[in-house]
>>> print(open('protein-v4.txt').read())   # compact mmCIF, C-alpha atoms
# COMPACT_ATOMS: atom_id res chain seq x y z
CA MET A 1 103.78 85.94 92.98
CA THR A 2 106.13 87.59 90.49
CA ARG A 3 107.17 91.23 90.51
CA SER A 4 105.50 93.54 87.98
CA LEU A 5 107.93 96.49 88.35
CA PRO A 6 108.81 96.87 84.62
CA ALA A 7 105.16 97.11 83.69
CA ARG A 8 104.52 99.69 86.42
CA ILE A 9 107.52 101.76 85.27
CA ALA A 10 106.24 101.82 81.68
CA ARG A 11 102.76 102.76 82.84
CA VAL A 12 103.92 105.54 85.16
CA VAL A 13 106.50 107.06 82.79
CA SER A 14 104.34 107.12 79.66
CA ILE A 15 102.03 109.99 80.73
CA PRO A 16 104.65 112.53 81.87
CA VAL A 17 106.93 111.72 78.90
CA PHE A 18 104.04 112.45 76.53
CA LEU A 19 103.35 115.71 78.35
CA ALA A 20 107.00 116.70 78.16
CA MET A 21 107.06 116.16 74.39
CA THR A 22 103.89 118.16 73.77
CA ALA A 23 104.81 121.00 76.14
CA ALA A 24 108.25 121.68 74.64
CA PRO A 25 108.24 124.88 72.52
CA SER A 26 110.14 125.26 69.28
CA SER A 27 112.48 127.91 70.74
CA ALA A 28 115.40 126.92 72.96
CA GLN A 29 116.02 130.47 74.15
CA GLU A 30 115.37 131.83 77.61
CA SER A 31 111.72 132.47 78.45
CA GLY A 32 111.29 136.23 78.70
CA GLY A 33 114.83 136.58 80.04
CA PHE A 34 113.79 135.66 83.59
CA ALA A 35 114.34 131.89 83.48
CA LYS A 36 117.14 130.12 81.66
CA ASN A 37 116.30 127.01 79.67
CA GLY A 38 118.31 123.83 80.01
CA GLY A 39 119.12 121.18 82.57
CA TYR A 40 118.89 121.93 86.27
CA LEU A 41 119.51 120.33 89.65
CA GLY A 42 117.49 121.03 92.76
CA MET A 43 116.67 120.05 96.30
CA SER A 44 113.25 120.08 97.92
CA GLY A 45 112.23 120.13 101.54
CA VAL A 46 108.84 118.55 102.23
CA MET A 47 107.12 120.11 105.23
CA ASN A 48 105.57 117.62 107.68
CA PHE A 49 105.21 114.91 105.05
CA SER A 50 102.62 112.45 106.32
CA PHE A 51 100.25 109.77 105.10
CA GLY A 52 96.50 110.17 105.12
CA GLY A 53 96.00 106.95 107.14
CA ASP A 54 93.68 105.47 104.52
CA THR A 55 95.37 102.09 104.80
CA PHE A 56 98.48 102.61 106.95
CA ASP A 57 96.00 102.80 109.80
CA GLY A 58 97.65 100.75 112.56
CA GLU A 59 94.93 98.10 112.42
CA THR A 60 95.25 96.21 109.10
CA ILE A 61 97.29 93.09 108.29
CA TYR A 62 97.75 91.01 105.15
CA GLN A 63 98.20 87.25 105.32
CA LYS A 64 99.67 85.24 102.48
CA VAL A 65 97.10 83.04 100.74
CA GLY A 66 97.66 79.39 101.65
CA GLY A 67 100.29 80.29 104.24
CA GLU A 68 100.89 81.82 107.66
CA GLU A 69 103.17 84.74 106.75
CA ILE A 70 101.70 88.15 107.63
CA VAL A 71 102.68 91.79 107.09
CA VAL A 72 101.37 94.69 109.18
CA LEU A 73 100.33 98.21 108.19
CA PRO A 74 101.29 100.58 111.03
CA LYS A 75 99.91 104.08 111.44
CA PHE A 76 102.76 106.51 110.74
CA GLU A 77 103.40 109.98 112.10
CA GLY A 78 104.59 112.84 109.91
CA ALA A 79 108.24 112.93 108.86
CA HIS A 80 110.37 115.92 109.85
CA ASN A 81 113.30 115.20 107.52
CA ALA A 82 111.64 114.49 104.18
CA MET A 83 113.92 115.50 101.29
CA ARG A 84 113.71 115.27 97.51
CA VAL A 85 116.55 115.42 94.96
CA VAL A 86 115.44 116.83 91.58
CA PHE A 87 116.91 116.74 88.09
CA GLY A 88 114.99 118.53 85.35
CA TRP A 89 115.13 120.03 81.87
CA ARG A 90 113.22 123.21 81.02
CA THR A 91 112.31 124.37 77.52
CA GLY A 92 110.11 127.47 77.59
CA ILE A 93 106.88 126.89 79.48
CA GLY A 94 107.50 123.22 80.25
CA ALA A 95 110.00 121.25 82.33
CA PHE A 96 110.33 117.49 82.68
CA GLU A 97 111.64 116.34 86.08
CA VAL A 98 112.96 113.13 87.58
CA SER A 99 113.18 113.17 91.37
CA TYR A 100 113.77 110.85 94.32
CA ASP A 101 112.07 111.08 97.73
CA ARG A 102 113.18 109.53 101.01
CA SER A 103 111.71 110.00 104.46
CA LYS A 104 111.69 108.26 107.86
CA HIS A 105 108.49 107.72 109.82
CA GLU A 106 107.72 106.55 113.33
CA GLY A 107 104.48 104.70 113.90
CA ASN A 108 102.65 101.99 115.75
CA PHE A 109 100.53 98.94 115.17
CA SER A 110 98.13 98.43 118.07
CA THR A 111 100.45 99.35 120.96
CA PHE A 112 103.70 98.21 119.33
CA PRO A 113 106.15 100.78 117.86
CA PHE A 114 107.37 100.48 114.27
CA GLU A 115 109.68 102.42 111.97
CA GLY A 116 109.11 102.93 108.27
CA THR A 117 111.24 104.28 105.42
CA PHE A 118 109.41 105.70 102.42
CA HIS A 119 110.97 106.02 98.96
CA ALA A 120 109.56 107.27 95.66
CA LEU A 121 110.95 107.72 92.16
CA ASN A 122 108.98 110.46 90.38
CA PHE A 123 108.52 111.43 86.72
CA ASP A 124 106.77 114.79 86.47
CA GLU A 125 105.92 117.49 83.94
CA ARG A 126 105.93 121.03 85.34
CA VAL A 127 104.15 123.74 83.33
CA PHE A 128 104.89 127.42 84.00
CA LEU A 129 102.36 130.22 83.53
CA LEU A 130 102.96 133.97 83.04
CA THR A 131 106.53 133.26 81.88
CA LYS A 132 107.17 136.93 80.96
CA GLY A 133 107.51 137.79 84.65
CA ARG A 134 109.98 136.97 87.41
CA ILE A 135 107.21 135.27 89.44
CA GLN A 136 105.74 132.34 87.54
CA PRO A 137 102.83 130.18 88.77
CA HIS A 138 103.31 126.50 88.03
CA LEU A 139 101.25 123.32 87.77
CA LEU A 140 102.65 119.79 87.97
CA LEU A 141 101.32 116.41 86.90
CA GLY A 142 103.20 113.14 86.85
CA GLY A 143 103.62 109.61 88.11
CA SER A 144 105.64 107.88 90.78
CA ILE A 145 106.96 104.47 91.80
CA PRO A 146 106.67 104.39 95.61
CA TRP A 147 107.89 101.75 98.03
CA MET A 148 107.68 101.56 101.82
CA THR A 149 109.86 99.40 104.07
CA VAL A 150 108.52 98.63 107.56
CA LYS A 151 111.27 97.47 109.90
CA ASP A 152 110.39 94.06 111.41
CA GLY A 153 106.92 94.33 109.90
CA SER A 154 106.67 90.74 108.60
CA PHE A 155 106.13 87.58 110.66
CA LEU A 156 106.37 83.88 109.89
CA ASP A 157 106.79 82.02 113.16
CA PRO A 158 109.47 81.92 114.48
CA ASP A 159 111.05 84.45 112.05
CA VAL A 160 110.70 88.21 111.81
CA ALA A 161 111.86 90.39 108.89
CA ASP A 162 111.26 93.76 107.23
CA ALA A 163 108.06 94.16 105.20
CA SER A 164 108.26 95.93 101.86
CA PHE A 165 105.28 97.41 100.01
CA ARG A 166 105.49 98.54 96.37
CA GLY A 167 103.13 100.18 93.92
CA PHE A 168 102.52 103.20 91.67
CA GLY A 169 101.13 106.70 92.13
CA VAL A 170 99.99 109.99 90.61
CA ASN A 171 101.55 113.34 91.59
CA THR A 172 99.96 116.80 91.40
CA GLU A 173 101.24 120.19 92.55
CA ALA A 174 100.31 123.87 92.28
CA GLY A 175 102.47 126.78 93.39
CA LEU A 176 104.72 129.72 92.51
CA THR A 177 108.30 129.83 91.25
CA VAL A 178 110.44 132.97 91.62
CA TYR A 179 113.58 133.60 89.54
CA PRO A 180 115.86 136.11 91.36
CA LEU A 181 118.46 135.19 88.70
CA PRO A 182 117.90 133.43 85.35
CA ARG A 183 119.81 130.36 86.58
CA VAL A 184 118.30 130.30 90.08
CA GLY A 185 114.72 129.31 90.87
CA VAL A 186 112.94 129.17 94.23
CA SER A 187 109.48 127.66 94.39
CA ALA A 188 106.78 126.91 96.94
CA GLY A 189 103.84 124.65 96.23
CA TYR A 190 101.37 122.18 97.62
CA ARG A 191 101.87 118.63 96.38
CA TYR A 192 99.14 115.99 96.60
CA ARG A 193 99.88 112.36 95.78
CA VAL A 194 97.67 109.29 95.48
CA MET A 195 99.40 105.89 95.62
CA TRP A 196 98.20 102.36 95.03
CA PHE A 197 100.23 99.56 96.65
CA ASP A 198 99.75 96.23 94.90
CA SER A 199 102.59 93.95 96.05
CA ALA A 200 104.47 93.12 99.24
CA SER A 201 107.24 90.86 100.48
CA GLY A 202 108.47 89.83 103.91
CA VAL A 203 110.15 86.91 105.66
CA SER A 204 110.00 84.64 102.61
CA ASP A 205 111.51 87.42 100.41
CA THR A 206 109.00 86.58 97.67
CA ALA A 207 106.78 89.28 96.20
CA ALA A 208 103.06 88.58 96.47
CA LYS A 209 100.15 90.51 94.98
CA LEU A 210 97.98 92.39 97.47
CA ARG A 211 94.28 91.68 97.06
CA PRO A 212 92.50 93.91 97.54
CA ARG A 213 95.03 96.47 96.34
CA PHE A 214 95.07 99.45 98.72
CA HIS A 215 95.65 103.16 98.28
CA GLU A 216 97.25 105.90 100.38
CA THR A 217 97.36 109.68 100.05
CA THR A 218 99.80 112.40 101.05
CA GLY A 219 99.59 116.18 100.94
CA SER A 220 102.42 118.55 101.87
CA VAL A 221 103.89 121.99 101.31
CA VAL A 222 107.10 121.69 99.27
CA LEU A 223 109.93 124.25 99.11
CA THR A 224 112.38 123.81 96.22
CA GLY A 225 115.56 125.51 95.08
CA THR A 226 117.05 124.86 91.61
CA PHE A 227 120.15 125.85 89.68
CA THR A 228 120.24 125.71 85.87
CA PHE A 229 123.52 124.81 84.16
>>> encode(input="protein-v4.txt", output="structure tokens")
Amino acid sequence: MTRSLPARIARVVSIPVFLAMTAAPSSAQESGGFAKNGGYLGMSGVMNFSFGGDTFDGETIYQKVGGEEIVVLPKFEGAHNAMRVVFGWRTGIGAFEVSYDRSKHEGNFSTFPFEGTFHALNFDERVFLLTKGRIQPHLLLGGSIPWMTVKDGSFLDPDVADASFRGFGVNTEAGLTVYPLPRVGVSAGYRYRVMWFDSASGVSDTAAKLRPRFHETTGSVVLTGTFTF
């Protein structure tokens, strides 16, 4: 019944941090003159970000063991306003990024409408290929800490409250980054994410482990613009 967030953070961060350390080259100069090394800020637009419906299917509920409190898993439509804020640090062929996602989703459970807000904190390593050119293919691998809030998605008669689901995930992406200027990068890629949700809370405001743990997938085209300091 206790939260395991610190353990999930350590587990999710350890892989991309290791990749960032091993991918960093010995030189701190610009890579081929086309991309400047250093810290950068960026903003991403996620096109039609939606869930695969593996578990947010509009039919499944969880009930607390030994109690009557339930949480529902609506089926959500794609979000049209999904945005991601990115902070990263590039050194040669590698860049370590920390980013935050937030998107709104409309959905339904049976015939009843619901609204969900999805959040994710991401820790990713981006590796650039063909760095001697202005157009550089990239691959990304990392982890995430996702959480989903379903408005009025928890019930314990006679009370109703928001349901919150939390877990961990793995991020992947492949795409191209173009550098019209050494400080300016524009990229397009396809990002695929697998998430496992293992705890939830609702009316009682007490986190409970989900058994069985469930997973969800997302896949979207992502457009990103960055500026290096």
>>> closest_atom_pairs(input="protein-v4.txt", of="range 175-219 of chain A", to="range 98-122 of chain A", cutoff="12 Å", atoms="only C-alpha atoms", output="CSV")
residue,atom,partner,partner_atom,distance
A:Arg193,CA,A:Asn122,CA,10.8
A:Met195,CA,A:Ala120,CA,10.3
A:Thr218,CA,A:Phe118,CA,11.8
>>> residues_around(input="protein-v4.txt", residues="Asp159 in chain A", least_positions_apart="3", cutoff="7 Å", atoms="all atoms listed in the file", output="PyMOL selection string")
chain A and resi 155-156+203
>>> atom_distance(input="protein-v4.txt", atom1="CA of Leu181 in chain A", atom2="CA of Thr226 in chain A")
10.8 Å
>>> closest_residue(input="protein-v4.txt", among="A:Thr60, A:Ser199, A:Thr224, A:Ser154", to="Val85 in chain A", atoms="only C-alpha atoms")
A:Thr224
>>> closest_residue(input="protein-v4.txt", among="A:Ser204, A:Gln136, A:Thr177, A:Ser144", to="Val160 in chain A", atoms="all atoms listed in the file")
A:Ser204
>>> atom_distance(input="protein-v4.txt", atom1="CA of Ala200 in chain A", atom2="CA of Val86 in chain A")
27.2 Å
>>> closest_residue(input="protein-v4.txt", among="A:Pro146, A:Gly202, A:Gly219, A:Gly38", to="Gln63 in chain A", atoms="all atoms listed in the file")
A:Gly202
>>> decode(input="protein-v4.txt", residues="range 40-51 of chain A", atoms="all heavy atoms", output="compact mmCIF listing (two decimals), in the first residue's frame")
# COMPACT_ATOMS: atom_id res chain seq x y z
N TYR A 40 20.97 22.65 -24.26
CA TYR A 40 19.95 23.18 -25.16
C TYR A 40 18.55 23.04 -24.56
O TYR A 40 18.30 22.19 -23.70
CB TYR A 40 20.01 22.51 -26.53
CG TYR A 40 19.84 21.01 -26.54
CD1 TYR A 40 18.59 20.40 -26.58
CD2 TYR A 40 20.97 20.17 -26.53
CE1 TYR A 40 18.46 19.02 -26.61
CE2 TYR A 40 20.85 18.80 -26.56
CZ TYR A 40 19.59 18.23 -26.60
OH TYR A 40 19.46 16.86 -26.62
N LEU A 41 17.66 23.91 -25.00
CA LEU A 41 16.25 23.86 -24.66
C LEU A 41 15.45 23.59 -25.92
O LEU A 41 15.83 24.02 -27.02
CB LEU A 41 15.78 25.16 -24.02
CG LEU A 41 16.22 25.43 -22.58
CD1 LEU A 41 15.78 26.84 -22.17
CD2 LEU A 41 15.63 24.40 -21.64
N GLY A 42 14.33 22.89 -25.77
CA GLY A 42 13.52 22.60 -26.94
C GLY A 42 12.06 22.40 -26.59
O GLY A 42 11.67 22.31 -25.42
N MET A 43 11.26 22.35 -27.63
CA MET A 43 9.83 22.09 -27.50
C MET A 43 9.42 21.10 -28.58
O MET A 43 9.83 21.23 -29.74
CB MET A 43 9.04 23.38 -27.65
CG MET A 43 7.54 23.22 -27.53
SD MET A 43 7.02 22.85 -25.82
CE MET A 43 7.30 24.45 -25.06
N SER A 44 8.64 20.11 -28.18
CA SER A 44 8.18 19.10 -29.12
C SER A 44 6.66 19.14 -29.24
O SER A 44 5.95 19.36 -28.25
CB SER A 44 8.58 17.69 -28.67
OG SER A 44 9.97 17.54 -28.60
N GLY A 45 6.18 18.93 -30.45
CA GLY A 45 4.77 18.69 -30.68
C GLY A 45 4.57 17.24 -31.03
O GLY A 45 5.27 16.69 -31.90
N VAL A 46 3.65 16.58 -30.33
CA VAL A 46 3.41 15.15 -30.55
C VAL A 46 2.12 15.01 -31.35
O VAL A 46 1.04 15.42 -30.90
CB VAL A 46 3.29 14.40 -29.21
CG1 VAL A 46 3.14 12.90 -29.45
CG2 VAL A 46 4.50 14.68 -28.33
N MET A 47 2.23 14.46 -32.56
CA MET A 47 1.10 14.40 -33.47
C MET A 47 0.14 13.26 -33.10
O MET A 47 0.55 12.10 -33.04
CB MET A 47 1.60 14.20 -34.91
CG MET A 47 2.61 15.24 -35.39
SD MET A 47 1.95 16.91 -35.49
CE MET A 47 2.63 17.65 -33.99
N ASN A 48 -1.10 13.60 -32.82
CA ASN A 48 -2.15 12.62 -32.54
C ASN A 48 -1.69 11.56 -31.54
O ASN A 48 -1.79 10.35 -31.78
CB ASN A 48 -2.63 11.95 -33.83
CG ASN A 48 -3.92 11.15 -33.62
OD1 ASN A 48 -4.74 11.51 -32.79
ND2 ASN A 48 -4.09 10.08 -34.36
N PHE A 49 -1.18 12.03 -30.42
CA PHE A 49 -0.69 11.14 -29.36
C PHE A 49 -1.86 10.34 -28.79
O PHE A 49 -2.84 10.89 -28.30
CB PHE A 49 -0.03 11.98 -28.27
CG PHE A 49 0.33 11.20 -27.05
CD1 PHE A 49 1.29 10.21 -27.11
CD2 PHE A 49 -0.29 11.45 -25.84
CE1 PHE A 49 1.64 9.49 -25.99
CE2 PHE A 49 0.06 10.74 -24.70
CZ PHE A 49 1.02 9.76 -24.77
N SER A 50 -1.79 9.04 -28.87
CA SER A 50 -2.89 8.20 -28.39
C SER A 50 -2.34 6.92 -27.77
O SER A 50 -1.19 6.53 -28.01
CB SER A 50 -3.84 7.84 -29.54
OG SER A 50 -3.16 7.14 -30.56
N PHE A 51 -3.17 6.28 -26.98
CA PHE A 51 -2.82 5.02 -26.34
C PHE A 51 -3.28 3.85 -27.20
O PHE A 51 -4.24 3.95 -27.94
CB PHE A 51 -3.47 4.92 -24.95
CG PHE A 51 -2.97 5.95 -23.99
CD1 PHE A 51 -3.63 7.15 -23.83
CD2 PHE A 51 -1.83 5.71 -23.24
CE1 PHE A 51 -3.16 8.11 -22.95
CE2 PHE A 51 -1.35 6.66 -22.35
CZ PHE A 51 -2.02 7.87 -22.21
